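J.: For reference, this is model_25.cif, and it has mmCIF, C-alpha atoms.
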data_my_file
#
loop_
_atom_site.group_PDB
_atom_site.id
_atom_site.type_symbol
_atom_site.label_atom_id
_atom_site.label_comp_id
_atom_site.auth_asym_id
_atom_site.auth_seq_id
_atom_site.Cartn_x
_atom_site.Cartn_y
_atom_site.Cartn_z
ATOM 1 C CA MET M 4 154.402 94.047 121.734
ATOM 2 C CA VAL M 5 152.820 90.913 120.284
ATOM 3 C CA THR M 6 154.237 89.060 117.291
ATOM 4 C CA TYR M 7 152.136 87.017 114.902
ATOM 5 C CA ALA M 8 152.498 85.122 111.644
ATOM 6 C CA ALA M 9 150.966 86.511 108.436
ATOM 7 C CA VAL M 10 150.616 85.383 104.834
ATOM 8 C CA LEU M 11 150.914 87.727 101.847
ATOM 9 C CA ASP M 12 148.066 86.781 99.491
ATOM 10 C CA VAL M 13 150.110 87.220 96.305
ATOM 11 C CA PRO M 14 151.185 84.268 94.122
ATOM 12 C CA ARG M 15 154.812 83.338 94.732
ATOM 13 C CA HIS M 16 155.686 83.719 91.050
ATOM 14 C CA VAL M 17 154.723 87.421 91.260
ATOM 15 C CA VAL M 18 157.099 87.925 94.203
ATOM 16 C CA GLU M 19 159.854 86.094 92.327
ATOM 17 C CA PHE M 20 159.149 88.182 89.203
ATOM 18 C CA LEU M 21 159.683 91.415 91.134
ATOM 19 C CA ALA M 22 162.703 89.980 92.990
ATOM 20 C CA ARG M 23 164.377 89.192 89.643
ATOM 21 C CA LEU M 24 163.748 92.744 88.426
ATOM 22 C CA LEU M 25 165.225 94.177 91.628
ATOM 23 C CA ALA M 26 168.253 91.865 91.443
ATOM 24 C CA GLY M 27 168.849 92.930 87.844
ATOM 25 C CA HIS M 28 168.553 96.591 88.843
ATOM 26 C CA ARG M 29 171.135 96.121 91.599
ATOM 27 C CA ARG M 30 173.544 94.552 89.130
ATOM 28 C CA ARG M 31 173.064 97.440 86.682
ATOM 29 C CA ILE M 32 173.822 100.112 89.267
ATOM 30 C CA GLY M 33 176.751 98.124 90.690
ATOM 31 C CA THR M 34 175.416 97.423 94.195
ATOM 32 C CA PRO M 35 178.063 95.411 96.097
ATOM 33 C CA LYS M 36 176.824 91.979 97.159
ATOM 34 C CA GLY M 37 175.695 91.910 100.791
ATOM 35 C CA SER M 38 175.655 95.690 101.159
ATOM 36 C CA ARG M 39 171.864 96.005 101.370
ATOM 37 C CA ALA M 40 169.811 95.529 104.541
ATOM 38 C CA LEU M 41 167.325 93.410 102.563
ATOM 39 C CA GLY M 42 167.874 91.007 99.706
ATOM 40 C CA PRO M 43 165.815 91.310 96.493
ATOM 41 C CA PHE M 44 163.178 88.803 97.651
ATOM 42 C CA ARG M 45 162.502 90.509 100.991
ATOM 43 C CA GLN M 46 162.463 93.903 99.280
ATOM 44 C CA ALA M 47 159.931 92.524 96.807
ATOM 45 C CA VAL M 48 157.736 91.375 99.709
ATOM 46 C CA LEU M 49 157.898 94.866 101.237
ATOM 47 C CA VAL M 50 156.872 96.502 97.947
ATOM 48 C CA LEU M 51 154.064 94.015 97.293
ATOM 49 C CA ARG M 52 152.682 94.414 100.801
ATOM 50 C CA TRP M 53 152.398 98.141 100.146
ATOM 51 C CA PHE M 54 150.589 97.589 96.853
ATOM 52 C CA ARG M 55 148.341 94.784 98.093
ATOM 53 C CA GLU M 56 147.586 95.793 101.696
ATOM 54 C CA ARG M 57 147.947 99.600 101.642
ATOM 55 C CA SER M 58 150.301 99.170 104.616
ATOM 56 C CA CYS M 59 151.963 102.264 106.068
ATOM 57 C CA VAL M 60 155.641 102.450 105.193
ATOM 58 C CA HIS M 61 156.854 102.755 108.770
ATOM 59 C CA CYS M 62 155.008 99.501 109.603
ATOM 60 C CA LEU M 63 156.593 97.758 106.624
ATOM 61 C CA ALA M 64 160.011 99.043 107.645
ATOM 62 C CA ARG M 65 159.507 97.951 111.258
ATOM 63 C CA ASP M 66 158.470 94.442 110.185
ATOM 64 C CA ALA M 67 161.505 94.199 107.904
ATOM 65 C CA GLY M 68 163.881 95.455 110.601
ATOM 66 C CA ILE M 69 164.982 98.549 108.665
ATOM 67 C CA SER M 70 164.638 102.285 109.171
ATOM 68 C CA GLN M 71 161.668 104.228 107.815
ATOM 69 C CA THR M 72 163.963 106.156 105.479
ATOM 70 C CA THR M 73 165.346 102.917 104.027
ATOM 71 C CA GLY M 74 161.801 101.594 103.737
ATOM 72 C CA TYR M 75 160.757 104.564 101.603
ATOM 73 C CA ARG M 76 163.890 104.232 99.471
ATOM 74 C CA TYR M 77 163.247 100.536 98.853
ATOM 75 C CA LEU M 78 159.581 101.217 98.045
ATOM 76 C CA HIS M 79 160.319 103.955 95.520
ATOM 77 C CA GLU M 80 163.024 101.822 93.947
ATOM 78 C CA GLY M 81 160.542 98.967 93.524
ATOM 79 C CA ILE M 82 157.928 101.282 92.001
ATOM 80 C CA ASP M 83 160.427 102.648 89.473
ATOM 81 C CA VAL M 84 161.772 99.223 88.522
ATOM 82 C CA LEU M 85 158.232 98.014 87.836
ATOM 83 C CA ALA M 86 157.105 101.172 86.009
ATOM 84 C CA GLU M 87 160.012 100.773 83.575
ATOM 85 C CA GLN M 88 158.391 97.521 82.416
ATOM 86 C CA ALA M 89 155.027 99.133 81.607
ATOM 87 C CA PRO M 90 153.847 98.379 78.044
ATOM 88 C CA ASP M 91 154.192 101.016 75.337
ATOM 89 C CA LEU M 92 150.896 102.181 73.791
ATOM 90 C CA HIS M 93 151.941 101.558 70.181
ATOM 91 C CA ARG M 94 153.105 98.027 70.983
ATOM 92 C CA VAL M 95 149.850 97.341 72.829
ATOM 93 C CA LEU M 96 147.802 98.481 69.829
ATOM 94 C CA ALA M 97 149.903 96.396 67.435
ATOM 95 C CA GLU M 98 149.445 93.326 69.635
ATOM 96 C CA CYS M 99 145.684 93.915 69.838
ATOM 97 C CA ARG M 100 145.436 94.061 66.046
ATOM 98 C CA LYS M 101 147.564 90.912 65.785
ATOM 99 C CA ARG M 102 145.207 89.095 68.176
ATOM 100 C CA GLY M 103 142.192 90.131 66.124
ATOM 101 C CA MET M 104 140.378 92.242 68.713
ATOM 102 C CA ASN M 105 137.392 94.093 67.289
ATOM 103 C CA HIS M 106 137.511 97.076 69.660
ATOM 104 C CA LEU M 107 139.155 98.562 72.738
ATOM 105 C CA VAL M 108 137.657 100.455 75.673
ATOM 106 C CA LEU M 109 139.000 103.815 76.855
ATOM 107 C CA ASP M 110 138.120 105.093 80.303
ATOM 108 C CA GLY M 111 139.506 107.470 82.893
ATOM 109 C CA THR M 112 139.578 107.237 86.661
ATOM 110 C CA LEU M 113 140.653 109.350 89.609
ATOM 111 C CA ILE M 114 143.377 107.880 91.803
ATOM 112 C CA GLU M 115 142.700 109.658 95.083
ATOM 113 C CA SER M 116 145.481 111.132 97.177
ATOM 114 C CA ASP M 117 145.950 113.303 100.229
ATOM 115 C CA ARG M 118 145.142 116.932 99.615
ATOM 116 C CA VAL M 119 148.037 118.820 98.055
ATOM 117 C CA ALA M 120 148.430 122.599 97.972
ATOM 118 C CA GLY M 121 148.589 124.146 94.528
ATOM 119 C CA THR M 122 146.260 126.266 92.434
ATOM 120 C CA HIS M 123 146.045 127.530 88.859
ATOM 121 C CA MET M 124 143.791 129.739 86.771
ATOM 122 C CA SER M 125 141.058 127.948 84.860
ATOM 123 C CA ALA M 126 139.956 128.831 81.327
ATOM 124 C CA ALA M 127 137.097 130.785 82.908
ATOM 125 C CA GLY M 128 139.597 132.903 84.836
ATOM 126 C CA LYS M 129 138.892 131.333 88.234
ATOM 127 C CA GLU M 130 141.501 130.047 90.647
ATOM 128 C CA VAL M 131 141.049 126.283 91.149
ATOM 129 C CA ASP M 132 142.868 123.563 93.095
ATOM 130 C CA THR M 133 145.168 121.775 90.662
ATOM 131 C CA TRP M 134 144.651 118.293 92.123
ATOM 132 C CA TYR M 135 140.922 118.655 92.883
ATOM 133 C CA SER M 136 138.429 116.839 90.651
ATOM 134 C CA ALA M 137 135.045 118.583 90.618
ATOM 135 C CA LYS M 138 133.558 115.496 88.943
ATOM 136 C CA HIS M 139 134.604 113.138 91.761
ATOM 137 C CA LYS M 140 134.647 115.798 94.513
ATOM 138 C CA ALA M 141 138.019 114.525 95.697
ATOM 139 C CA PHE M 142 141.739 115.244 95.363
ATOM 140 C CA GLY M 143 143.872 113.017 93.188
ATOM 141 C CA ALA M 144 145.211 112.362 89.699
ATOM 142 C CA ASN M 145 143.461 111.555 86.419
ATOM 143 C CA VAL M 146 144.724 108.361 84.758
ATOM 144 C CA GLN M 147 143.497 107.027 81.397
ATOM 145 C CA PHE M 148 143.006 103.269 80.963
ATOM 146 C CA LEU M 149 142.826 101.184 77.817
ATOM 147 C CA SER M 150 141.336 97.713 78.163
ATOM 148 C CA ALA M 151 140.437 94.685 76.067
ATOM 149 C CA PRO M 152 136.749 93.966 75.318
ATOM 150 C CA ASN M 153 136.631 91.582 78.311
ATOM 151 C CA GLY M 154 137.976 94.236 80.699
ATOM 152 C CA THR M 155 141.602 93.098 80.889
ATOM 153 C CA PRO M 156 143.755 96.199 81.576
ATOM 154 C CA LEU M 157 146.210 96.732 78.704
ATOM 155 C CA TRP M 158 147.710 100.208 79.098
ATOM 156 C CA VAL M 159 147.687 103.164 81.466
ATOM 157 C CA SER M 160 148.693 106.752 80.797
ATOM 158 C CA GLU M 161 150.846 109.131 82.758
ATOM 159 C CA ALA M 162 148.910 110.843 85.549
ATOM 160 C CA GLU M 163 147.468 114.323 85.168
ATOM 161 C CA PRO M 164 146.145 116.513 88.011
ATOM 162 C CA GLY M 165 142.569 115.747 89.030
ATOM 163 C CA SER M 166 141.317 119.056 87.617
ATOM 164 C CA VAL M 167 142.145 117.853 84.073
ATOM 165 C CA PRO M 168 139.042 116.388 82.308
ATOM 166 C CA ASP M 169 139.156 112.939 80.718
ATOM 167 C CA ILE M 170 138.963 114.271 77.163
ATOM 168 C CA THR M 171 141.927 116.602 77.760
ATOM 169 C CA ALA M 172 144.028 113.854 79.342
ATOM 170 C CA ALA M 173 143.185 111.516 76.460
ATOM 171 C CA ARG M 174 144.228 114.127 73.891
ATOM 172 C CA MET M 175 147.549 114.507 75.689
ATOM 173 C CA HIS M 176 148.395 110.814 75.961
ATOM 174 C CA CYS M 177 146.594 108.495 73.572
ATOM 175 C CA LEU M 178 144.105 109.869 71.046
ATOM 176 C CA SER M 179 146.586 110.336 68.204
ATOM 177 C CA ALA M 180 147.613 106.652 68.451
ATOM 178 C CA LEU M 181 143.971 105.540 68.724
ATOM 179 C CA TYR M 182 143.083 107.408 65.511
ATOM 180 C CA LYS M 183 145.686 105.361 63.636
ATOM 181 C CA ALA M 184 144.421 102.143 65.240
ATOM 182 C CA ALA M 185 140.835 102.992 64.232
ATOM 183 C CA ALA M 186 141.953 103.599 60.652
ATOM 184 C CA ASP M 187 143.491 100.099 60.737
ATOM 185 C CA GLY M 188 140.196 98.556 61.881
ATOM 186 C CA LEU M 189 140.514 98.759 65.669
ATOM 187 C CA PRO M 190 137.996 101.346 66.979
ATOM 188 C CA THR M 191 137.767 102.546 70.574
ATOM 189 C CA LEU M 192 134.635 102.749 72.709
ATOM 190 C CA ALA M 193 134.355 105.419 75.401
ATOM 191 C CA ASP M 194 131.756 107.096 77.620
ATOM 192 C CA ALA M 195 129.966 110.385 77.020
ATOM 193 C CA GLY M 196 132.806 112.341 78.618
ATOM 194 C CA TYR M 197 134.827 111.794 75.436
ATOM 195 C CA GLN M 198 132.292 113.463 73.135
ATOM 196 C CA GLY M 199 134.223 115.289 70.436
ATOM 197 C CA ALA M 200 137.274 113.019 70.767
ATOM 198 C CA GLY M 201 137.392 112.443 67.018
ATOM 199 C CA ILE M 202 136.967 109.830 64.334
ATOM 200 C CA GLY M 203 137.210 106.230 65.522
ATOM 201 C CA ILE M 204 136.338 107.057 69.160
ATOM 202 C CA HIS M 205 132.724 105.928 69.610
ATOM 203 C CA HIS M 206 130.754 107.348 72.539
ATOM 204 C CA PRO M 207 127.108 107.774 73.613
ATOM 205 C CA PHE M 208 125.391 111.037 72.739
ATOM 206 C CA LYS M 209 124.485 113.301 75.649
ATOM 207 C CA LYS M 210 120.938 114.376 76.303
ATOM 208 C CA PRO M 211 120.051 118.046 75.634
ATOM 209 C CA PRO M 212 120.850 120.296 78.667
ATOM 210 C CA GLY M 213 117.933 120.395 81.085
ATOM 211 C CA ARG M 214 115.928 117.833 79.137
ATOM 212 C CA SER M 215 115.206 114.113 79.456
ATOM 213 C CA HIS M 216 117.134 111.478 77.497
ATOM 214 C CA LEU M 217 113.733 110.335 76.237
ATOM 215 C CA GLN M 218 113.723 113.408 74.021
ATOM 216 C CA LEU M 219 116.614 111.959 72.048
ATOM 217 C CA HIS M 220 115.675 110.328 68.757
ATOM 218 C CA SER M 221 114.823 106.631 69.132
ATOM 219 C CA ASP M 222 117.755 105.678 66.875
ATOM 220 C CA THR M 223 120.106 107.671 69.091
ATOM 221 C CA ARG M 224 118.749 106.046 72.262
ATOM 222 C CA THR M 225 119.186 102.607 70.682
ATOM 223 C CA TYR M 226 122.749 103.453 69.643
ATOM 224 C CA ASN M 227 123.552 104.655 73.184
ATOM 225 C CA ALA M 228 122.113 101.489 74.761
ATOM 226 C CA LEU M 229 123.998 99.167 72.421
ATOM 227 C CA LEU M 230 127.258 101.046 72.912
ATOM 228 C CA ARG M 231 126.947 100.993 76.691
ATOM 229 C CA GLY M 232 126.185 97.274 76.615
ATOM 230 C CA VAL M 233 129.274 96.475 74.534
ATOM 231 C CA ARG M 234 131.462 98.817 76.586
ATOM 232 C CA ALA M 235 130.313 97.641 80.010
ATOM 233 C CA LEU M 236 132.730 94.720 80.424
ATOM 234 C CA GLY M 237 135.674 96.808 79.283
ATOM 235 C CA GLU M 238 135.100 99.388 81.988
ATOM 236 C CA ARG M 239 136.037 96.961 84.759
ATOM 237 C CA ALA M 240 139.774 97.540 84.133
ATOM 238 C CA ALA M 241 140.208 100.346 86.656
ATOM 239 C CA ALA M 242 138.120 98.485 89.236
ATOM 240 C CA GLU M 243 140.205 95.322 88.791
ATOM 241 C CA LEU M 244 143.452 97.174 89.384
ATOM 242 C CA LYS M 245 142.093 99.086 92.386
ATOM 243 C CA GLU M 246 140.656 96.002 94.053
ATOM 244 C CA ARG M 247 143.721 93.826 93.481
ATOM 245 C CA TRP M 248 146.283 96.538 94.252
ATOM 246 C CA ARG M 249 144.485 98.387 97.016
ATOM 247 C CA THR M 250 147.010 101.175 97.374
ATOM 248 C CA LEU M 251 145.428 102.658 94.220
ATOM 249 C CA LYS M 252 142.276 103.424 96.203
ATOM 250 C CA ARG M 253 144.132 106.220 97.978
ATOM 251 C CA VAL M 254 147.793 106.983 97.412
ATOM 252 C CA THR M 255 149.540 108.568 100.372
ATOM 253 C CA LEU M 256 152.778 109.330 98.544
ATOM 254 C CA SER M 257 153.250 112.491 96.476
ATOM 255 C CA PRO M 258 150.615 112.821 93.692
ATOM 256 C CA GLY M 259 153.529 113.272 91.316
ATOM 257 C CA ARG M 260 154.285 109.575 91.852
ATOM 258 C CA ILE M 261 150.810 108.334 90.917
ATOM 259 C CA GLY M 262 151.666 107.814 87.241
ATOM 260 C CA ALA M 263 154.570 105.505 88.101
ATOM 261 C CA ILE M 264 152.530 103.725 90.786
ATOM 262 C CA VAL M 265 149.668 102.907 88.402
ATOM 263 C CA LYS M 266 152.094 101.708 85.710
ATOM 264 C CA ALA M 267 153.784 99.501 88.323
ATOM 265 C CA ALA M 268 150.394 98.086 89.352
ATOM 266 C CA LEU M 269 149.619 97.244 85.716
ATOM 267 C CA VAL M 270 152.929 95.360 85.380
ATOM 268 C CA LEU M 271 152.188 93.425 88.577
ATOM 269 C CA ASN M 272 148.702 92.665 87.308
ATOM 270 C CA ASN M 273 150.093 91.267 84.065
ATOM 271 C CA ALA M 274 152.571 89.133 86.040
ATOM 272 C CA TRP M 275 149.721 87.825 88.217
#
Take the structure in this file and express it as structure tokens.

T.:
Amino acid sequence: MVTYAAVLDVPRHVVEFLARLLAGHRRRIGTPKGSRALGPFRQAVLVLRWFRERSCVHCLARDAGISQTTGYRYLHEGIDVLAEQAPDLHRVLAECRKRGMNHLVLDGTLIESDRVAGTHMSAAGKEVDTWYSAKHKAFGANVQFLSAPNGTPLWVSEAEPGSVPDITAARMHCLSALYKAAADGLPTLADAGYQGAGIGIHHPFKKPPGRSHLQLHSDTRTYNALLRGVRALGERAAAELKERWRTLKRVTLSPGRIGAIVKAALVLNNAW
């Protein structure tokens, strides 16, 4: 075995932020002082290494001098403590109106995971894999993102199985609140996958099936180009989170945990 020194490329104030949350959690649940194998700061480092480096849990546990079981327990505890701090959609929309934003950007992404058994009957009467996304040709969970015009991630939804389309996931988690925001002067821009989302959700118009987009009316093509240009910066939210918190590129825990993991990543991103 060879030992070596390493540096976690996360600002110290982010580690201290998470350590304070973990210390507060321990006080709330009545953890006796000195009864844990790791203090809040070292636990925070373990959790952040997992988010930042996509490290395997048994490696994190080995480096921290704890068992793999304890490593998983500490990781899940850190995820839950962070996810509890995730911003509420209504508060986010109120803050955006207060700051005078002229629009928001809605987008969905697939957080990939290991293949999970489980099927259900589709509307067409066919048996499909619950966590398989035909659009992305991969297994994972559908998560909806709301971002500022400059692409800053503001809010993330609960995770739905990968077989759920963006428009369906949006109806379940955010469209009703976005309608109210649009009525108050804060519209939402989205891609063509949200066609039919409703009033206040602006999206490009799809080309006729089997035909070229050039057959769209010139006004429609101009509208689509302008909308895509305005929306482009806002669609970097998912990419920013995935590149900064690399565990989101492929989650190896249960897909049922993806919603909490993405919320935790958003909280860490805001702290950064």

J.: If the PyMOL selection byres ((chain M and resi 151) around 8) were run on this exact file, what residues would it hold? Put them as a compact mmCIF listing (two decimals) with C-alpha atoms, in the coordinates of the input.

T.:
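Result saved to result-v6.txt:
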# COMPACT_ATOMS: atom_id res chain seq x y z
CA MET M 104 140.38 92.24 68.71
CA HIS M 106 137.51 97.08 69.66
CA LEU M 107 139.16 98.56 72.74
CA VAL M 108 137.66 100.46 75.67
CA LEU M 149 142.83 101.18 77.82
CA SER M 150 141.34 97.71 78.16
CA PRO M 152 136.75 93.97 75.32
CA ASN M 153 136.63 91.58 78.31
CA GLY M 154 137.98 94.24 80.70
CA THR M 155 141.60 93.10 80.89
CA PRO M 156 143.76 96.20 81.58
CA LEU M 157 146.21 96.73 78.70
CA GLY M 237 135.67 96.81 79.28

J.: What's the separation between atom CA of M:Arg45 and atom CA of M:Ala240, in Å to one decimal place?

T.: 29.2 Å

J.: Give me, please, the distance in Å between atom CA of M:Ser160 and atom CA of M:His79, quoted to one decimal.

T.: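 Computed distance, atom CA of M:Ser160 to atom CA of M:His79, equals 19.0 Å.
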
J.: Write out as a PyMOL selection string the residues lying within 6 Å of M:Ala267, counting all atoms listed in the file and excluding same-chain residues fewer than 5 positions away.

T.: chain M and resi 82+85-86

J.: I'd like to know which of M:Arg65, M:Arg55, M:Arg76, M:Arg253 is closest to M:Val17, using all atoms listed in the file.

T.: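 Closest candidate: M:Arg55.
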
J.: When you get a chance, write out N, CA and C atoms for stretch 21-52 of chain M, as a short mmCIF file (atom, residue, chain, number, x, y, z; two decimals), in the coordinates of the input.

T.:
data_model
loop_
_atom_site.label_atom_id
_atom_site.label_comp_id
_atom_site.auth_asym_id
_atom_site.auth_seq_id
_atom_site.Cartn_x
_atom_site.Cartn_y
_atom_site.Cartn_z
N LEU M 21 159.18 90.13 90.66
CA LEU M 21 159.68 91.42 91.13
C LEU M 21 161.09 91.27 91.71
N ALA M 22 161.37 90.18 92.42
CA ALA M 22 162.70 89.98 92.99
C ALA M 22 163.76 89.90 91.89
N ARG M 23 163.42 89.26 90.76
CA ARG M 23 164.38 89.19 89.64
C ARG M 23 164.62 90.58 89.05
N LEU M 24 163.58 91.38 88.94
CA LEU M 24 163.75 92.74 88.43
C LEU M 24 164.64 93.56 89.36
N LEU M 25 164.42 93.43 90.66
CA LEU M 25 165.22 94.18 91.63
C LEU M 25 166.68 93.70 91.62
N ALA M 26 166.89 92.39 91.50
CA ALA M 26 168.25 91.86 91.44
C ALA M 26 168.96 92.38 90.20
N GLY M 27 168.25 92.40 89.06
CA GLY M 27 168.85 92.93 87.84
C GLY M 27 169.17 94.40 87.97
N HIS M 28 168.31 95.16 88.63
CA HIS M 28 168.55 96.59 88.84
C HIS M 28 169.80 96.80 89.70
N ARG M 29 169.95 95.99 90.73
CA ARG M 29 171.14 96.12 91.60
C ARG M 29 172.42 95.82 90.83
N ARG M 30 172.35 94.85 89.93
CA ARG M 30 173.54 94.55 89.13
C ARG M 30 173.87 95.72 88.20
N ARG M 31 172.83 96.33 87.62
CA ARG M 31 173.06 97.44 86.68
C ARG M 31 173.69 98.65 87.36
N ILE M 32 173.29 98.92 88.59
CA ILE M 32 173.82 100.11 89.27
C ILE M 32 175.07 99.78 90.08
N GLY M 33 175.50 98.51 90.04
CA GLY M 33 176.75 98.12 90.69
C GLY M 33 176.67 98.02 92.20
N THR M 34 175.55 97.58 92.74
CA THR M 34 175.42 97.42 94.20
C THR M 34 176.29 96.26 94.67
N PRO M 35 177.22 96.50 95.60
CA PRO M 35 178.06 95.41 96.10
C PRO M 35 177.23 94.33 96.79
N LYS M 36 177.57 93.09 96.57
CA LYS M 36 176.82 91.98 97.16
C LYS M 36 176.90 92.04 98.68
N GLY M 37 175.75 91.90 99.34
CA GLY M 37 175.70 91.91 100.79
C GLY M 37 175.69 93.28 101.42
N SER M 38 175.61 94.34 100.60
CA SER M 38 175.66 95.69 101.16
C SER M 38 174.28 96.24 101.51
N ARG M 39 173.23 95.55 101.10
CA ARG M 39 171.86 96.00 101.37
C ARG M 39 171.31 95.34 102.63
N ALA M 40 170.43 96.08 103.34
CA ALA M 40 169.81 95.53 104.54
C ALA M 40 168.86 94.39 104.20
N LEU M 41 168.24 94.46 103.02
CA LEU M 41 167.32 93.41 102.56
C LEU M 41 167.79 92.88 101.22
N GLY M 42 167.62 91.58 101.01
CA GLY M 42 167.87 91.01 99.71
C GLY M 42 166.72 91.32 98.77
N PRO M 43 166.87 91.00 97.47
CA PRO M 43 165.82 91.31 96.49
C PRO M 43 164.46 90.69 96.83
N PHE M 44 164.45 89.46 97.36
CA PHE M 44 163.18 88.80 97.65
C PHE M 44 162.45 89.51 98.78
N ARG M 45 163.15 89.84 99.86
CA ARG M 45 162.50 90.51 100.99
C ARG M 45 162.10 91.94 100.61
N GLN M 46 162.87 92.59 99.76
CA GLN M 46 162.46 93.90 99.28
C GLN M 46 161.19 93.79 98.44
N ALA M 47 161.12 92.75 97.62
CA ALA M 47 159.93 92.52 96.81
C ALA M 47 158.70 92.32 97.69
N VAL M 48 158.85 91.59 98.78
CA VAL M 48 157.74 91.38 99.71
C VAL M 48 157.29 92.70 100.30
N LEU M 49 158.23 93.55 100.68
CA LEU M 49 157.90 94.87 101.24
C LEU M 49 157.09 95.69 100.23
N VAL M 50 157.55 95.72 98.98
CA VAL M 50 156.87 96.50 97.95
C VAL M 50 155.47 95.95 97.68
N LEU M 51 155.36 94.63 97.60
CA LEU M 51 154.06 94.02 97.29
C LEU M 51 153.08 94.16 98.45
N ARG M 52 153.57 94.16 99.66
CA ARG M 52 152.68 94.41 100.80
C ARG M 52 152.09 95.81 100.70
#
